[in-house]
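Okay, so here's the structure we're looking at.
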Amino acid sequence: MRLPREDIDLPEDQGCLRWVLGVPLALVYVPAVYLCYLALVMQSDPRDDRLRDDVRLVAGLSLSLCLLGLLITITPVFRRNLGRWWFALPLLLATVAYARGQTV
């Protein structure tokens, strides 16, 4: 006799599983937040093209990490066990990083 799919994922087991699945996402999002912060804090001189390129690079790295986090979150295991608010942080960070990279 085969058990239905709903019986496998017990609600009381998801608490620990959410913590375990949150660790790889935190390892991706913490550097993304730091790089986004660096991109926002760096002030470039109007004549300093080198610093502008550095700000764009840091913003691009933050954007790349956010997209990596979104790709991880889209997988079925993560989508089934984590809430939708896990999509909010990378989308917000990616928007800020992209805007900073374009407005330097």
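So you can find residues: chains in the structure tokens are A, B, ... in the order shown, residues in each start at 1, and ligands are numbered from 1 in order.
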
Please identify all polymer residues within 12 Å of range 37-52 of chain A, counting only C-alpha atoms, omitting same-chain residues fewer than 2 positions from it, and present them as a list in words.
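The filter keeps Val30, Pro31, Ala32, Val33, Tyr34, Leu35, Asp54, Val55, Arg56, Leu57, Val58, Ala59, Gly60, Leu61, Ser62, Leu63, Leu93, Ala94, Val96, Ala97, Tyr98, Ala99, Arg100, Gly101, Gln102, Thr103 and Val104 of chain A.
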
Might you pull out every residue within 10 Å of Leu21 in chain A, with only C-alpha atoms counted and same-chain residues fewer than 5 positions away left off, and present them as a PDB file with C-alpha atoms, in the first residue's frame?
```
ATOM      1  CA  CYS A  16      13.699  21.855  11.935  1.00  0.00           C
ATOM      2  CA  ALA A  26      21.750  32.639   4.710  1.00  0.00           C
ATOM      3  CA  ILE A  72      18.047  27.968  -4.842  1.00  0.00           C
ATOM      4  CA  THR A  73      14.697  29.144  -3.465  1.00  0.00           C
ATOM      5  CA  VAL A  77      12.195  21.345  -1.802  1.00  0.00           C
ATOM      6  CA  PHE A  78      12.686  24.949  -0.760  1.00  0.00           C
ATOM      7  CA  ASN A  81       8.986  24.064   2.973  1.00  0.00           C
ATOM      8  CA  LEU A  82       9.824  27.758   3.123  1.00  0.00           C
TER       9      LEU A  82
END
```

Gap from CA of Ile74 in chain A to CA of Thr95 in chain A - Å, one decimal:
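Computing it gives 18.2 Å between the two atoms.
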
Take CA of Arg18 in chain A and CA of Ala88 in chain A and report the distance between them in Å, one decimal.
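One can read the CA of Arg18 in chain A to CA of Ala88 in chain A distance as 16.5 Å.
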